[in-house]
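Structure file model.pdb (PDB, C-alpha atoms) follows.
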```pdb
ATOM      1  CA  MET A   1     -31.970  -1.648  14.015
ATOM      2  CA  HIS A   2     -30.630   1.905  14.354
ATOM      3  CA  ARG A   3     -29.726   3.490  10.990
ATOM      4  CA  GLY A   4     -26.089   4.153  12.058
ATOM      5  CA  ALA A   5     -25.651   0.564  13.238
ATOM      6  CA  ALA A   6     -27.067  -0.741   9.954
ATOM      7  CA  ALA A   7     -24.660   1.467   7.973
ATOM      8  CA  GLY A   8     -21.751   0.247  10.114
ATOM      9  CA  LEU A   9     -22.766  -3.361   9.532
ATOM     10  CA  ARG A  10     -22.960  -2.792   5.761
ATOM     11  CA  GLN A  11     -19.521  -1.176   5.763
ATOM     12  CA  ARG A  12     -18.002  -4.071   7.745
ATOM     13  CA  LYS A  13     -19.582  -6.541   5.329
ATOM     14  CA  LYS A  14     -18.083  -4.658   2.371
ATOM     15  CA  VAL A  15     -14.644  -4.738   3.973
ATOM     16  CA  GLN A  16     -15.005  -8.459   4.724
ATOM     17  CA  THR A  17     -16.105  -9.233   1.154
ATOM     18  CA  ARG A  18     -13.235  -7.181  -0.260
ATOM     19  CA  GLU A  19     -10.677  -8.956   1.905
ATOM     20  CA  ALA A  20     -12.198 -12.374   1.113
ATOM     21  CA  LEU A  21     -11.891 -11.588  -2.608
ATOM     22  CA  ARG A  22      -8.276 -10.546  -2.100
ATOM     23  CA  GLN A  23      -7.470 -13.740  -0.186
ATOM     24  CA  HIS A  24      -9.129 -16.006  -2.776
ATOM     25  CA  ALA A  25      -7.336 -14.153  -5.553
ATOM     26  CA  LEU A  26      -3.947 -14.473  -3.849
ATOM     27  CA  CYS A  27      -4.465 -18.202  -3.298
ATOM     28  CA  LEU A  28      -5.347 -18.674  -6.971
ATOM     29  CA  PHE A  29      -2.464 -16.471  -8.150
ATOM     30  CA  LEU A  30      -0.001 -18.449  -6.054
ATOM     31  CA  SER A  31      -1.326 -21.855  -7.112
ATOM     32  CA  LYS A  32      -2.175 -21.232 -10.804
ATOM     33  CA  GLY A  33      -0.115 -18.181 -11.593
ATOM     34  CA  TYR A  34      -1.300 -14.605 -11.994
ATOM     35  CA  GLU A  35      -1.662 -14.669 -15.774
ATOM     36  CA  ARG A  36      -3.648 -17.943 -15.841
ATOM     37  CA  THR A  37      -6.166 -16.872 -13.177
ATOM     38  CA  THR A  38      -9.363 -15.218 -14.407
ATOM     39  CA  VAL A  39     -11.719 -12.815 -12.664
ATOM     40  CA  GLU A  40     -14.455 -15.426 -13.101
ATOM     41  CA  GLU A  41     -12.383 -17.955 -11.143
ATOM     42  CA  ILE A  42     -11.730 -15.472  -8.347
ATOM     43  CA  ALA A  43     -15.423 -14.609  -8.129
ATOM     44  CA  ALA A  44     -16.413 -18.304  -8.130
ATOM     45  CA  ALA A  45     -13.913 -19.076  -5.358
ATOM     46  CA  ALA A  46     -15.439 -16.271  -3.275
ATOM     47  CA  ASN A  47     -18.961 -17.465  -4.137
ATOM     48  CA  ILE A  48     -19.982 -14.208  -5.791
ATOM     49  CA  SER A  49     -20.715 -13.101  -9.364
ATOM     50  CA  SER A  50     -18.139 -11.475 -11.650
ATOM     51  CA  MET A  51     -20.336  -8.367 -11.597
ATOM     52  CA  THR A  52     -19.985  -8.213  -7.809
ATOM     53  CA  PHE A  53     -16.196  -8.573  -8.159
ATOM     54  CA  PHE A  54     -16.152  -5.385 -10.247
ATOM     55  CA  ARG A  55     -17.979  -3.477  -7.510
ATOM     56  CA  TYR A  56     -14.898  -4.007  -5.345
ATOM     57  CA  PHE A  57     -12.015  -3.937  -7.849
ATOM     58  CA  ARG A  58     -11.816  -2.314 -11.291
ATOM     59  CA  THR A  59      -9.318  -4.893 -12.617
ATOM     60  CA  LYS A  60      -7.593  -8.111 -11.637
ATOM     61  CA  GLU A  61      -4.405  -6.105 -11.071
ATOM     62  CA  ASP A  62      -6.177  -3.905  -8.518
ATOM     63  CA  VAL A  63      -6.723  -6.935  -6.266
ATOM     64  CA  VAL A  64      -2.964  -7.001  -5.768
ATOM     65  CA  MET A  65      -2.062  -3.338  -6.186
ATOM     66  CA  GLU A  66      -4.759  -1.414  -4.312
ATOM     67  CA  ASP A  67      -3.901  -0.712  -0.736
ATOM     68  CA  PHE A  68      -5.532   1.229   2.089
ATOM     69  CA  GLN A  69      -2.056   1.968   3.477
ATOM     70  CA  ASP A  70      -1.443   5.011   1.278
ATOM     71  CA  ASP A  71      -4.294   7.010   2.791
ATOM     72  CA  LEU A  72      -3.114   6.089   6.276
ATOM     73  CA  ILE A  73       0.497   7.050   5.492
ATOM     74  CA  GLU A  74      -0.617  10.368   4.005
ATOM     75  CA  SER A  75      -2.670  11.318   7.063
ATOM     76  CA  CYS A  76       0.117  10.271   9.464
ATOM     77  CA  ILE A  77       2.704  12.360   7.575
ATOM     78  CA  ALA A  78       0.363  15.353   7.314
ATOM     79  CA  ALA A  79      -0.206  15.206  11.099
ATOM     80  CA  GLN A  80       3.515  15.598  11.870
ATOM     81  CA  PRO A  81       4.665  18.946  13.286
ATOM     82  CA  PRO A  82       5.765  21.171  10.367
ATOM     83  CA  HIS A  83       8.937  22.318  12.153
ATOM     84  CA  LEU A  84      10.424  18.807  11.754
ATOM     85  CA  ALA A  85      12.656  18.081   8.789
ATOM     86  CA  ARG A  86      10.756  16.619   5.847
ATOM     87  CA  VAL A  87      12.440  13.203   5.954
ATOM     88  CA  VAL A  88      11.762  13.018   9.706
ATOM     89  CA  ARG A  89       8.074  13.718   9.045
ATOM     90  CA  VAL A  90       8.000  10.935   6.454
ATOM     91  CA  GLN A  91       9.824   8.561   8.802
ATOM     92  CA  ASN A  92       7.513   9.310  11.731
ATOM     93  CA  GLY A  93       4.424   9.053   9.532
ATOM     94  CA  VAL A  94       5.478   5.695   8.067
ATOM     95  CA  ARG A  95       6.338   4.404  11.551
ATOM     96  CA  GLU A  96       2.917   5.442  12.907
ATOM     97  CA  SER A  97       0.943   4.023  10.001
ATOM     98  CA  LEU A  98       2.768   0.684  10.160
ATOM     99  CA  GLY A  99       2.198   0.488  13.898
ATOM    100  CA  VAL A 100      -1.532   0.467  13.171
ATOM    101  CA  ALA A 101      -1.646  -1.868  10.175
ATOM    102  CA  TYR A 102       1.462  -4.051   9.980
ATOM    103  CA  PRO A 103       0.550  -6.701  12.570
ATOM    104  CA  VAL A 104      -2.714  -7.341  10.706
ATOM    105  CA  VAL A 105      -1.446  -7.247   7.120
ATOM    106  CA  ARG A 106       2.098  -8.703   7.405
ATOM    107  CA  GLY A 107       1.456 -12.141   5.861
ATOM    108  CA  ALA A 108      -0.777 -10.885   3.068
ATOM    109  CA  LEU A 109       1.600  -8.008   2.308
ATOM    110  CA  LEU A 110       4.569 -10.374   1.989
ATOM    111  CA  GLU A 111       2.610 -12.649  -0.370
ATOM    112  CA  ARG A 112       1.475  -9.688  -2.454
ATOM    113  CA  MET A 113       4.977  -8.224  -2.745
ATOM    114  CA  GLN A 114       6.479 -11.562  -3.739
ATOM    115  CA  LEU A 115       3.751 -12.001  -6.351
ATOM    116  CA  ILE A 116       4.334  -8.478  -7.720
ATOM    117  CA  LEU A 117       8.091  -9.034  -8.005
ATOM    118  CA  ALA A 118       7.550 -12.366  -9.795
ATOM    119  CA  THR A 119       4.941 -11.075 -12.273
ATOM    120  CA  PRO A 120       6.103  -8.733 -15.078
ATOM    121  CA  ALA A 121       2.645  -7.161 -15.605
ATOM    122  CA  LEU A 122       2.384  -6.346 -11.899
ATOM    123  CA  ARG A 123       5.960  -5.063 -11.681
ATOM    124  CA  ALA A 124       5.143  -2.600 -14.454
ATOM    125  CA  ARG A 125       2.009  -1.505 -12.615
ATOM    126  CA  LEU A 126       4.046  -1.088  -9.410
ATOM    127  CA  TRP A 127       5.811   1.935 -10.933
ATOM    128  CA  GLU A 128       2.453   3.668 -11.413
ATOM    129  CA  HIS A 129       1.550   2.872  -7.820
ATOM    130  CA  LEU A 130       4.888   4.216  -6.533
ATOM    131  CA  HIS A 131       4.426   7.436  -8.510
ATOM    132  CA  ALA A 132       0.978   7.902  -6.935
ATOM    133  CA  THR A 133       2.488   7.276  -3.470
ATOM    134  CA  GLU A 134       5.193   9.844  -4.204
ATOM    135  CA  ARG A 135       2.576  12.495  -5.097
ATOM    136  CA  LEU A 136       0.598  11.684  -1.980
ATOM    137  CA  ILE A 137       3.690  12.053   0.275
ATOM    138  CA  ALA A 138       4.632  15.331  -1.439
ATOM    139  CA  ARG A 139       1.118  16.692  -0.840
ATOM    140  CA  ALA A 140       1.257  15.598   2.814
ATOM    141  CA  LEU A 141       4.616  17.360   3.258
ATOM    142  CA  SER A 142       3.436  20.539   1.562
ATOM    143  CA  GLY A 143       0.080  20.647   3.336
ATOM    144  CA  SER A 144      -1.531  21.102  -0.069
ATOM    145  CA  SER A 145      -4.560  19.204  -1.320
ATOM    146  CA  THR A 146      -3.427  19.615  -4.942
ATOM    147  CA  ASP A 147      -0.220  19.039  -6.864
ATOM    148  CA  ALA A 148      -0.072  22.772  -7.648
ATOM    149  CA  GLY A 149       0.874  23.532  -4.022
ATOM    150  CA  ILE A 150       3.876  21.193  -3.961
ATOM    151  CA  ASP A 151       7.265  22.880  -4.060
ATOM    152  CA  LEU A 152      10.418  21.331  -5.484
ATOM    153  CA  ARG A 153      11.870  20.426  -2.075
ATOM    154  CA  ASP A 154       8.695  18.510  -1.101
ATOM    155  CA  GLN A 155       8.800  16.684  -4.418
ATOM    156  CA  ILE A 156      12.486  15.741  -4.087
ATOM    157  CA  VAL A 157      12.102  14.473  -0.514
ATOM    158  CA  ALA A 158       8.980  12.504  -1.455
ATOM    159  CA  SER A 159      10.747  10.944  -4.443
ATOM    160  CA  ALA A 160      13.853  10.026  -2.422
ATOM    161  CA  SER A 161      11.697   8.648   0.397
ATOM    162  CA  VAL A 162       9.670   6.441  -1.964
ATOM    163  CA  ALA A 163      12.914   5.151  -3.511
ATOM    164  CA  ALA A 164      14.270   4.272  -0.047
ATOM    165  CA  LEU A 165      10.998   2.673   1.064
ATOM    166  CA  SER A 166      10.461   0.661  -2.120
ATOM    167  CA  THR A 167      14.055  -0.643  -1.949
ATOM    168  CA  ALA A 168      13.497  -1.779   1.638
ATOM    169  CA  ILE A 169      10.207  -3.480   0.704
ATOM    170  CA  GLN A 170      11.851  -5.273  -2.214
ATOM    171  CA  VAL A 171      14.713  -6.511  -0.013
ATOM    172  CA  TRP A 172      12.188  -7.669   2.598
ATOM    173  CA  ALA A 173      10.144  -9.603   0.017
ATOM    174  CA  GLU A 174      13.212 -11.137  -1.647
ATOM    175  CA  GLN A 175      14.465 -12.329   1.762
ATOM    176  CA  GLY A 176      11.099 -13.958   2.474
ATOM    177  CA  GLY A 177      10.260 -11.588   5.320
ATOM    178  CA  ARG A 178      13.203 -12.752   7.454
ATOM    179  CA  SER A 179      13.464  -9.382   9.146
ATOM    180  CA  GLU A 180      10.564  -7.181  10.127
ATOM    181  CA  LEU A 181       9.467  -4.626   7.554
ATOM    182  CA  PRO A 182       8.945  -1.678   9.955
ATOM    183  CA  GLN A 183      12.587  -1.891  11.067
ATOM    184  CA  LEU A 184      13.832  -2.102   7.454
ATOM    185  CA  LEU A 185      11.728   0.890   6.421
ATOM    186  CA  ASP A 186      12.912   2.885   9.419
ATOM    187  CA  GLN A 187      16.520   1.959   8.658
ATOM    188  CA  SER A 188      16.166   2.960   4.985
ATOM    189  CA  LEU A 189      14.800   6.390   5.925
ATOM    190  CA  SER A 190      17.522   6.847   8.565
ATOM    191  CA  LEU A 191      20.152   6.133   5.869
ATOM    192  CA  LEU A 192      18.453   8.682   3.606
ATOM    193  CA  ARG A 193      18.534  11.263   6.412
ATOM    194  CA  GLU A 194      22.254  10.644   6.903
ATOM    195  CA  GLU A 195      22.931  11.063   3.179
ATOM    196  CA  LEU A 196      20.920  14.272   3.007
ATOM    197  CA  GLY A 197      22.816  15.586   6.032
TER     198      GLY A 197
END
```
Representation of the structure as structure tokens:
Amino acid sequence: MHRGAAAGLRQRKKVQTREALRQHALCLFLSKGYERTTVEEIAAAANISSMTFFRYFRTKEDVVMEDFQDDLIESCIAAQPPHLARVVRVQNGVRESLGVAYPVVRGALLERMQLILATPALRARLWEHLHATERLIARALSGSSTDAGIDLRDQIVASASVAALSTAIQVWAEQGGRSELPQLLDQSLSLLREELG
């Protein structure tokens, strides 16, 4: 087998194992409760060792909290033309990134958000995650690879955008996914644009 093909196969297998772990964990969290589910039980359900679990996730919380979406959102925002208003760049970037991922992740994302909102330990961790997302958006807007290059306007727009997006996601999860998340996110950023003038 060609070396590149073998590397591609290994990478696909890693992604599949990671997603299988996430699915088994979510099933256990929903049936037993987050607090009562152990890493050992998740690993056993996925037919792997606990040691293998920790190659994919640092903690049990990371199974729920870690998301590939942030990197995708950052790159989509950074690719927007710099002459556009900052909120427009965020809105376009979020729209593009969801167009790629949302159809695939919708069901799992809804389950994860409902679990996070129902679990105090995960809700607390969500604030850390939102802060990291805010920094990432601010860097994408500023074109800087470090926090040192972020100006106050980038930081304010990133913070306001994350507040609007997280509110929309919470409403979506609380309503059981009745409406479609991309439309709610787009609407929340449009409302923010109107308020900012």
Neighbourhood query: residues within 10 Å of (4.4, 17.4, 11.5), file coordinates, counting all atoms listed in the file; return as a ChimeraX atom specification.
/A:76-86,88-90,92-93,140-141,143
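The smallest atom-to-atom distance between Thr37 in chain A and any of A:Ser142, A:Ser166, A:Ala25, A:Gln91, using all atoms listed in the file, is found for A:Ala25.
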With the cut-off set at 8 Å and counting only C-alpha atoms, tabulate each residue of range 35-138 of chain A with an atom at most that distance from an atom of range 149-157 of chain A, showing the nearest atom pair and its distance in Å to one decimal, ordered by chain and increasing number, as a Markdown table.
```
| residue | atom | partner | partner_atom | distance |
| --- | --- | --- | --- | --- |
| A:Arg86 | CA | A:Val157 | CA | 6.8 |
| A:Val87 | CA | A:Val157 | CA | 6.6 |
| A:Glu134 | CA | A:Gln155 | CA | 7.7 |
| A:Arg135 | CA | A:Gln155 | CA | 7.5 |
| A:Ala138 | CA | A:Asp154 | CA | 5.2 |
```
Give me the residues near Thr17 in chain A as a PDB file with C-alpha atoms, in the coordinates of the input, where near means some atom within 10 Å (using only C-alpha atoms) and where sequence neighbours in that chain fewer than 2 positions away do not count.
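Okay, result_30.pdb is ready:
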```pdb
ATOM      1  CA  GLN A  11     -19.521  -1.176   5.763  1.00  0.00           C
ATOM      2  CA  ARG A  12     -18.002  -4.071   7.745  1.00  0.00           C
ATOM      3  CA  LYS A  13     -19.582  -6.541   5.329  1.00  0.00           C
ATOM      4  CA  LYS A  14     -18.083  -4.658   2.371  1.00  0.00           C
ATOM      5  CA  VAL A  15     -14.644  -4.738   3.973  1.00  0.00           C
ATOM      6  CA  GLU A  19     -10.677  -8.956   1.905  1.00  0.00           C
ATOM      7  CA  ALA A  20     -12.198 -12.374   1.113  1.00  0.00           C
ATOM      8  CA  LEU A  21     -11.891 -11.588  -2.608  1.00  0.00           C
ATOM      9  CA  ARG A  22      -8.276 -10.546  -2.100  1.00  0.00           C
ATOM     10  CA  GLN A  23      -7.470 -13.740  -0.186  1.00  0.00           C
ATOM     11  CA  ALA A  46     -15.439 -16.271  -3.275  1.00  0.00           C
ATOM     12  CA  ILE A  48     -19.982 -14.208  -5.791  1.00  0.00           C
ATOM     13  CA  THR A  52     -19.985  -8.213  -7.809  1.00  0.00           C
ATOM     14  CA  PHE A  53     -16.196  -8.573  -8.159  1.00  0.00           C
ATOM     15  CA  TYR A  56     -14.898  -4.007  -5.345  1.00  0.00           C
TER      16      TYR A  56
END
```
Mind giving me the straight-line distance from CA of Ile116 in chain A to CA of Trp172 in chain A in Å, one decimal?
13.0 Å
Atomic separation - CA of Met65 in chain A relative to CA of Arg112 in chain A, Å
8.2 Å
